[in-house]
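K.L.:
Please find coords_18.txt (compact mmCIF, C-alpha atoms and all ligand atoms) on the next line:
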```txt
# COMPACT_ATOMS: atom_id res chain seq x y z
CA MET A 1 2.38 6.48 -3.56
CA GLN A 2 -0.87 5.20 -2.21
CA HIS A 3 -1.14 5.73 1.51
CA GLY A 4 -3.35 3.11 3.09
CA SER A 5 -2.23 0.37 0.71
CA ALA A 6 -0.63 -2.75 2.14
CA PRO A 7 3.16 -3.06 2.57
CA VAL A 8 3.38 -5.70 -0.14
CA ALA A 9 5.51 -5.81 -3.30
CA VAL A 10 3.82 -8.05 -5.84
CA ALA A 11 6.44 -9.95 -7.86
CA LEU A 12 5.36 -9.51 -11.49
CA ASP A 13 7.14 -12.64 -12.72
CA ALA A 14 5.07 -12.63 -15.89
CA PRO A 15 5.75 -14.38 -19.19
CA ASP A 16 5.09 -11.19 -21.18
CA LEU A 17 4.62 -7.46 -20.77
CA GLU A 18 0.87 -7.47 -21.37
CA CYS A 19 0.40 -9.94 -18.54
CA ALA A 20 2.65 -7.91 -16.21
CA ALA A 21 0.75 -4.71 -16.98
CA ARG A 22 -2.56 -6.48 -16.38
CA TRP A 23 -1.42 -7.87 -13.03
CA ALA A 24 -0.04 -4.44 -12.04
CA GLY A 25 -3.38 -2.81 -12.84
CA LEU A 26 -5.27 -5.40 -10.78
CA VAL A 27 -3.09 -5.24 -7.65
CA THR A 28 -2.11 -1.56 -7.40
CA PRO A 29 -5.35 -0.51 -5.67
CA HIS A 30 -4.36 -2.81 -2.78
CA VAL A 31 -0.56 -2.83 -2.45
CA SER A 32 2.19 -0.23 -2.19
CA THR A 33 4.67 -1.72 -4.64
CA VAL A 34 5.16 -3.86 -7.73
CA LYS A 35 8.38 -5.77 -8.34
CA ILE A 36 10.07 -6.19 -11.70
CA GLY A 37 12.55 -9.05 -11.81
CA LEU A 38 15.10 -10.40 -14.22
CA GLU A 39 12.59 -12.23 -16.40
CA LEU A 40 10.73 -9.08 -17.46
CA TYR A 41 13.68 -6.70 -17.42
CA LEU A 42 15.90 -8.88 -19.59
CA ARG A 43 13.12 -9.43 -22.09
CA TYR A 44 11.76 -5.90 -22.39
CA GLY A 45 14.47 -3.62 -21.02
CA PRO A 46 14.05 -0.27 -19.25
CA ASP A 47 10.65 0.52 -20.83
CA VAL A 48 9.07 -2.12 -18.63
CA VAL A 49 9.36 0.24 -15.64
CA ALA A 50 7.15 2.95 -17.15
CA THR A 51 4.71 0.34 -18.42
CA VAL A 52 4.05 -1.27 -15.06
CA ARG A 53 4.21 2.00 -13.13
CA GLY A 54 1.55 3.45 -15.40
CA ALA A 55 -0.16 6.49 -14.02
CA SER A 56 -0.87 4.87 -10.66
CA GLY A 57 2.07 6.17 -8.68
CA VAL A 58 2.70 2.67 -7.32
CA ARG A 59 6.24 2.13 -6.07
CA VAL A 60 8.57 0.17 -8.34
CA PHE A 61 11.00 -2.39 -6.99
CA LEU A 62 13.68 -3.28 -9.54
CA ASP A 63 14.93 -6.69 -8.43
CA LEU A 64 18.02 -7.06 -10.60
CA LYS A 65 20.19 -8.57 -7.84
CA LEU A 66 23.34 -6.96 -9.21
CA LEU A 67 26.55 -8.89 -8.60
CA ASP A 68 29.83 -8.01 -10.31
CA ILE A 69 32.99 -6.03 -9.57
CA PRO A 70 32.30 -2.61 -8.00
CA ALA A 71 32.96 -0.58 -11.18
CA THR A 72 30.52 -2.68 -13.19
CA VAL A 73 27.86 -2.57 -10.48
CA ALA A 74 28.29 1.21 -10.23
CA ALA A 75 27.77 1.59 -13.98
CA ALA A 76 24.77 -0.74 -13.96
CA ALA A 77 23.18 1.02 -10.98
CA ARG A 78 23.76 4.40 -12.65
CA ALA A 79 22.11 3.11 -15.81
CA VAL A 80 18.93 2.06 -13.99
CA ALA A 81 18.87 4.97 -11.49
CA ARG A 82 17.50 7.22 -14.23
CA LEU A 83 14.36 5.04 -14.22
CA ARG A 84 13.84 6.20 -10.62
CA PRO A 85 13.06 2.81 -9.09
CA ASP A 86 12.06 3.05 -5.44
CA TYR A 87 14.08 -0.07 -4.61
CA LEU A 88 17.04 -1.74 -6.33
CA THR A 89 18.66 -4.99 -5.19
CA VAL A 90 22.33 -5.98 -5.12
CA HIS A 91 23.76 -9.21 -3.74
CA ALA A 92 25.32 -8.62 -0.34
CA SER A 93 27.82 -11.38 -1.15
CA GLY A 94 29.54 -8.91 -3.49
CA GLY A 95 30.95 -7.32 -0.34
CA PRO A 96 31.31 -3.75 0.91
CA GLY A 97 32.81 -2.35 -2.30
CA VAL A 98 29.91 -3.56 -4.42
CA ILE A 99 27.26 -2.30 -2.01
CA ARG A 100 28.94 1.09 -1.66
CA ALA A 101 29.21 1.36 -5.45
CA ALA A 102 25.47 0.78 -5.90
CA VAL A 103 24.49 3.17 -3.11
CA GLU A 104 26.65 5.96 -4.52
CA ALA A 105 25.44 5.40 -8.08
CA ALA A 106 21.71 5.40 -7.21
CA PRO A 107 21.26 8.12 -4.59
CA GLY A 108 17.49 8.49 -5.01
CA THR A 109 16.81 4.77 -4.70
CA CYS A 110 16.66 2.44 -1.70
CA VAL A 111 19.50 0.03 -2.38
CA ALA A 112 18.56 -3.26 -0.72
CA ALA A 113 21.16 -5.96 -0.17
CA VAL A 114 20.02 -9.54 -0.75
CA THR A 115 21.46 -11.69 2.02
CA VAL A 116 20.78 -15.41 1.45
CA LEU A 117 18.19 -16.31 -1.19
CA THR A 118 14.97 -17.57 0.37
CA SER A 119 15.18 -20.66 -1.84
CA MET A 120 18.31 -21.79 0.04
CA GLY A 121 18.64 -23.80 3.22
CA ASP A 122 21.55 -24.78 5.50
CA GLY A 123 22.47 -27.70 3.20
CA ASP A 124 22.93 -25.34 0.24
CA LEU A 125 25.41 -23.18 2.17
CA GLU A 126 27.38 -26.29 3.08
CA THR A 127 27.50 -27.26 -0.61
CA LEU A 128 28.92 -23.81 -1.37
CA GLY A 129 31.51 -24.19 1.40
CA ILE A 130 30.05 -21.28 3.40
CA PRO A 131 30.42 -21.93 7.14
CA GLY A 132 27.55 -21.34 9.58
CA SER A 133 23.77 -21.66 9.51
CA VAL A 134 21.60 -19.59 7.16
CA SER A 135 20.57 -17.35 10.05
CA ASP A 136 24.21 -16.70 11.05
CA VAL A 137 25.17 -15.87 7.47
CA VAL A 138 22.12 -13.61 7.02
CA ARG A 139 23.03 -11.70 10.19
CA ARG A 140 26.68 -11.33 9.17
CA LEU A 141 25.82 -10.14 5.68
CA SER A 142 23.18 -7.73 7.05
CA VAL A 143 25.58 -6.00 9.41
CA MET A 144 28.22 -5.71 6.68
CA ALA A 145 25.68 -4.38 4.13
CA VAL A 146 24.33 -1.69 6.45
CA ALA A 147 27.87 -0.64 7.39
CA SER A 148 28.49 -0.28 3.65
CA GLY A 149 25.53 2.04 3.13
CA ALA A 150 22.58 -0.23 2.29
CA ARG A 151 19.32 1.15 3.68
CA GLY A 152 17.35 -1.99 2.87
CA LEU A 153 17.94 -5.71 3.39
CA VAL A 154 16.29 -8.75 1.84
CA CYS A 155 16.00 -11.84 4.02
CA SER A 156 13.38 -14.46 4.83
CA PRO A 157 10.68 -13.77 7.43
CA ARG A 158 12.39 -16.31 9.65
CA GLU A 159 15.45 -14.09 10.10
CA VAL A 160 13.70 -10.72 10.35
CA ALA A 161 13.59 -10.46 14.13
CA ALA A 162 17.28 -11.31 14.53
CA VAL A 163 18.28 -8.94 11.71
CA ARG A 164 16.17 -6.14 13.19
CA ALA A 165 17.94 -6.61 16.52
CA GLU A 166 21.29 -6.19 14.72
CA VAL A 167 20.51 -3.22 12.43
CA GLY A 168 17.93 -1.19 14.34
CA PRO A 169 14.61 0.38 13.36
CA ASP A 170 15.70 2.58 10.45
CA ILE A 171 16.60 -0.12 7.94
CA THR A 172 13.85 -1.35 5.61
CA LEU A 173 13.51 -5.13 5.95
CA ILE A 174 12.10 -6.81 2.86
CA THR A 175 10.97 -10.43 2.96
CA PRO A 176 10.24 -12.80 0.08
CA GLY A 177 9.34 -16.35 1.05
CA VAL A 178 5.84 -15.25 2.11
CA ARG A 179 3.03 -17.75 1.80
CA PRO A 180 -0.53 -17.30 3.06
CA ALA A 181 -1.70 -20.40 4.97
CA GLY A 182 -2.58 -23.15 2.51
CA SER A 183 -0.59 -21.71 -0.44
CA ALA A 184 1.91 -23.85 -2.33
CA VAL A 185 5.49 -23.28 -1.16
CA ASN A 186 6.88 -23.73 -4.73
CA ASP A 187 10.68 -23.42 -4.80
CA GLN A 188 10.92 -21.34 -1.61
CA ALA A 189 12.63 -22.99 1.37
CA ARG A 190 12.31 -20.52 4.26
CA VAL A 191 8.69 -19.37 4.37
CA ALA A 192 6.17 -17.76 6.73
CA THR A 193 2.68 -16.29 6.43
CA PRO A 194 2.17 -12.57 5.75
CA GLU A 195 0.95 -12.06 9.31
CA GLU A 196 3.99 -13.84 10.77
CA ALA A 197 6.35 -11.77 8.62
CA ILE A 198 4.80 -8.46 9.72
CA ARG A 199 4.71 -9.55 13.37
CA ALA A 200 8.40 -10.44 13.15
CA GLY A 201 9.12 -6.87 12.01
CA ALA A 202 9.18 -6.96 8.20
CA ASP A 203 8.49 -3.63 6.46
CA LEU A 204 7.71 -4.89 2.96
CA LEU A 205 6.52 -8.39 1.97
CA VAL A 206 7.44 -9.70 -1.49
CA ILE A 207 4.65 -11.97 -2.70
CA GLY A 208 4.45 -13.41 -6.20
CA ARG A 209 2.74 -16.64 -7.13
CA PRO A 210 0.18 -16.72 -4.30
CA ILE A 211 -1.22 -13.53 -5.89
CA THR A 212 -0.34 -13.77 -9.58
CA GLY A 213 -1.23 -17.47 -9.78
CA ALA A 214 -4.70 -16.88 -8.32
CA ALA A 215 -7.75 -16.93 -10.57
CA ASP A 216 -8.31 -13.28 -9.58
CA PRO A 217 -4.99 -11.59 -8.65
CA GLY A 218 -6.77 -8.39 -7.58
CA ALA A 219 -8.96 -10.31 -5.13
CA ALA A 220 -5.97 -12.27 -3.80
CA ALA A 221 -4.06 -9.02 -3.18
CA ALA A 222 -7.13 -7.49 -1.52
CA THR A 223 -7.49 -10.49 0.82
CA ILE A 224 -3.86 -10.29 1.93
CA ALA A 225 -4.11 -6.51 2.35
CA ALA A 226 -7.22 -6.93 4.51
CA SER A 227 -5.50 -9.52 6.71
CA LEU A 228 -2.58 -7.14 7.27
CA ARG A 229 -4.94 -4.25 7.98
CA ARG A 230 -6.61 -6.32 10.70
CA LEU A 231 -3.23 -7.15 12.15
CA ARG A 232 -1.66 -3.71 12.21
CA PRO A 233 -4.16 -0.99 11.29
CA SER A 234 -1.76 1.81 12.15
CA SER A 235 0.86 0.56 9.70
CA LEU A 236 -1.48 1.23 6.83
CA SER A 237 -2.36 4.78 7.71
CA ARG A 238 1.19 6.05 7.95
CA PRO A 239 3.51 6.52 5.00
CA LEU A 240 5.13 3.27 3.97
CA PRO A 241 8.82 2.98 4.79
CA ALA A 242 11.19 4.70 2.43
CA CYS A 243 14.93 4.38 2.58
O1 LIG B 301 6.34 -16.29 -6.29
P1 LIG B 301 7.12 -15.95 -5.07
O2 LIG B 301 6.28 -15.33 -3.96
O3 LIG B 301 7.97 -17.09 -4.57
O4 LIG B 301 8.10 -14.79 -5.57
C1 LIG B 301 9.19 -14.34 -4.82
C2 LIG B 301 9.91 -13.28 -5.58
O5 LIG B 301 10.93 -12.76 -4.75
C3 LIG B 301 10.60 -13.76 -6.86
O6 LIG B 301 10.43 -12.70 -7.81
C4 LIG B 301 12.05 -13.89 -6.49
O7 LIG B 301 12.91 -13.58 -7.57
C5 LIG B 301 12.20 -12.86 -5.38
N1 LIG B 301 13.23 -13.12 -4.36
C6 LIG B 301 13.25 -14.26 -3.59
N2 LIG B 301 14.25 -14.45 -2.67
C7 LIG B 301 15.17 -13.50 -2.47
C8 LIG B 301 15.14 -12.32 -3.20
C9 LIG B 301 14.13 -12.16 -4.15
O8 LIG B 301 12.37 -15.11 -3.75
N3 LIG B 301 16.09 -13.67 -1.53
```
The structure in this file should be written as structure tokens.
Ligand code: C5P

P.N.:
Amino acid sequence: MQHGSAPVAVALDAPDLECAARWAGLVTPHVSTVKIGLELYLRYGPDVVATVRGASGVRVFLDLKLLDIPATVAAAARAVARLRPDYLTVHASGGPGVIRAAVEAAPGTCVAAVTVLTSMGDGDLETLGIPGSVSDVVRRLSVMAVASGARGLVCSPREVAAVRAEVGPDITLITPGVRPAGSAVNDQARVATPEEAIRAGADLLVIGRPITGAADPGAAAATIAASLRRLRPSSLSRPLPAC
């Protein structure tokens, strides 16, 4: 791992492996982590992890958002644990049995529970028949996930402070929905700037299109890293949070 690099996971939502590897090479001097999502993993399979990790030692976040019955999630988590991802996501909505299954099956990996997708707002929960506001549901799911063994949580920057108050300092809070001022929001609904997310207490910011859609992804990552360094210099000289 690169000490001194920014607490950012760049979402490599690339159309092909060559593009993902190129983006990874450009951003790894500046950020701690690269994130492989469903698009790349389903197209290229497990080999994609070694390809984007390369020789850089960058952390790998495998964002597969597992959701199935506990036995199936356990088998899936076991299958990917051998790739030694630093982070692996499961949907918190699977409940305690699913989260426990993933945690037990991937002991060397930070299992992070996805609370409510950052693309969803209060109206979406109502459509699904889920009572309460997004922030209430995120808090409820967070407490349940941590009680079930998750050491990481995924929520939007807007809920980070409330979640931190519920789960304490030792849980890694990961926030997608991060947009530097002036960036397009795209399909995200609950967004904040990188600086706001860190100030609210996020440990790791997931940022995709504002970096990968830039003319120079390396320069975009460097700019965000510099803004975080100005904000919290000490955070970049200590080891980044591990679960
Ligand atoms: O391009 P953008 O910055 O919106 O990318 C966000 C990334 O974070 C995507 O890869 C998406 O799958 C992921 N993600 C998310 N919301 C969650 C969990 C993961 O946007 N709740």

K.L.:
Using all atoms listed in the file, determine which residues fall within 8 Å of ligand LIG 301 (chain B), then list them as an NGL selection string.

P.N.:
:A and (10-13 or 35-38 or 63 or 65 or 114-119 or 154-156 or 175-179 or 185-188 or 206-212)

K.L.:
Would you mind telling me which residue in A:Ala21, A:Ala74, A:Val103, A:Ala222 lies nearest to Val49 (chain A) when using all atoms listed in the file?

P.N.:
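Ranking A:Ala21, A:Ala74, A:Val103, A:Ala222 by distance to Val49 (chain A), first place goes to A:Ala21.
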
K.L.:
Using all atoms listed in the file, find the one residue out of A:Ala20, A:Ala150, A:Val52, A:Leu26 that sits nearest to Ala215 (chain A).

P.N.:
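For Ala215 (chain A), the nearest of the given residues is A:Leu26.
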
K.L.:
What is the distance, in Å and to one decimal place, between CA of Pro46 (chain A) and CA of Ala220 (chain A)?

P.N.:
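Interatomic distance here is 28.0 Å.
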
K.L.:
Excluding Glu104 (chain A) and its own-chain neighbours fewer than 5 positions away, which residues fall within 10 Å of it when counting all atoms listed in the file? Please give them as a ChimeraX atom specification.

P.N.:
/A:74,77-78,99,109,111,149

K.L.:
Which neighbours of Pro169 (chain A) fall inside 12 Å, counting only C-alpha atoms, when residues of the same chain fewer than 5 positions from it are skipped, and could you give them as a list in words?

P.N.:
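Within the cut-off, the hits are Arg151, Gly152, Val160, Ala161, Val163, Arg164, Gly201, Ala202, Asp203, Pro241 and Cys243 of chain A.
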
K.L.:
For those residues, write C-alpha atoms to a file as a compact mmCIF listing (two decimals), keeping the file's coordinate frame.

P.N.:
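Writing done, so here's result_3.txt:
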```
# COMPACT_ATOMS: atom_id res chain seq x y z
CA ARG A 151 19.32 1.15 3.68
CA GLY A 152 17.35 -1.99 2.87
CA VAL A 160 13.70 -10.72 10.35
CA ALA A 161 13.59 -10.46 14.13
CA VAL A 163 18.28 -8.94 11.71
CA ARG A 164 16.17 -6.14 13.19
CA GLY A 201 9.12 -6.87 12.01
CA ALA A 202 9.18 -6.96 8.20
CA ASP A 203 8.49 -3.63 6.46
CA PRO A 241 8.82 2.98 4.79
CA CYS A 243 14.93 4.38 2.58
```

K.L.:
Of the candidates A:Gly95, A:Gly57, A:Pro7, A:Pro107, which shows the shortest atom-to-atom distance to Ala197 (chain A), using only C-alpha atoms?

P.N.:
A:Pro7

K.L.:
What does the structure give for the distance between CA of Ala192 (chain A) and CA of Leu42 (chain A), in Å to one decimal?

P.N.:
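Taking CA of Ala192 (chain A) as the start and CA of Leu42 (chain A) as the end point, the length is 29.4 Å.
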
K.L.:
Determine the nearest neighbour of Leu231 (chain A) from the options A:Ala92, A:Ile130, A:Ala6, A:Val58, counting all atoms listed in the file.

P.N.:
A:Ala6

K.L.:
May I have the residues within 9 Å of Ala147 (chain A) as a list in words, using only C-alpha atoms and disregarding those fewer than 4 positions away in the same chain?

P.N.:
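What passes the distance filter is Pro96, Ser142 and Val143 of chain A.
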
K.L.:
Can you pull out the residues contacting Leu67 (chain A)? Cut-off 7 Å, using all atoms listed in the file, and skip same-chain residues under 2 positions away; I want them as a list in words.

P.N.:
Lys65, Val73, Val90, His91 and Gly94 of chain A

K.L.:
As lines of an AutoDock Vina configuration file, please report the centre and edge lengths, rounded to one decimal in Å, of the axis-aligned box that holds all listed atoms of region 184-198 of chain A with 6 Å of padding on each of the six sides.

P.N.:
```
center_x = 6.8
center_y = -16.2
center_z = 3.0
size_x = 23.7
size_y = 27.4
size_z = 27.6
```
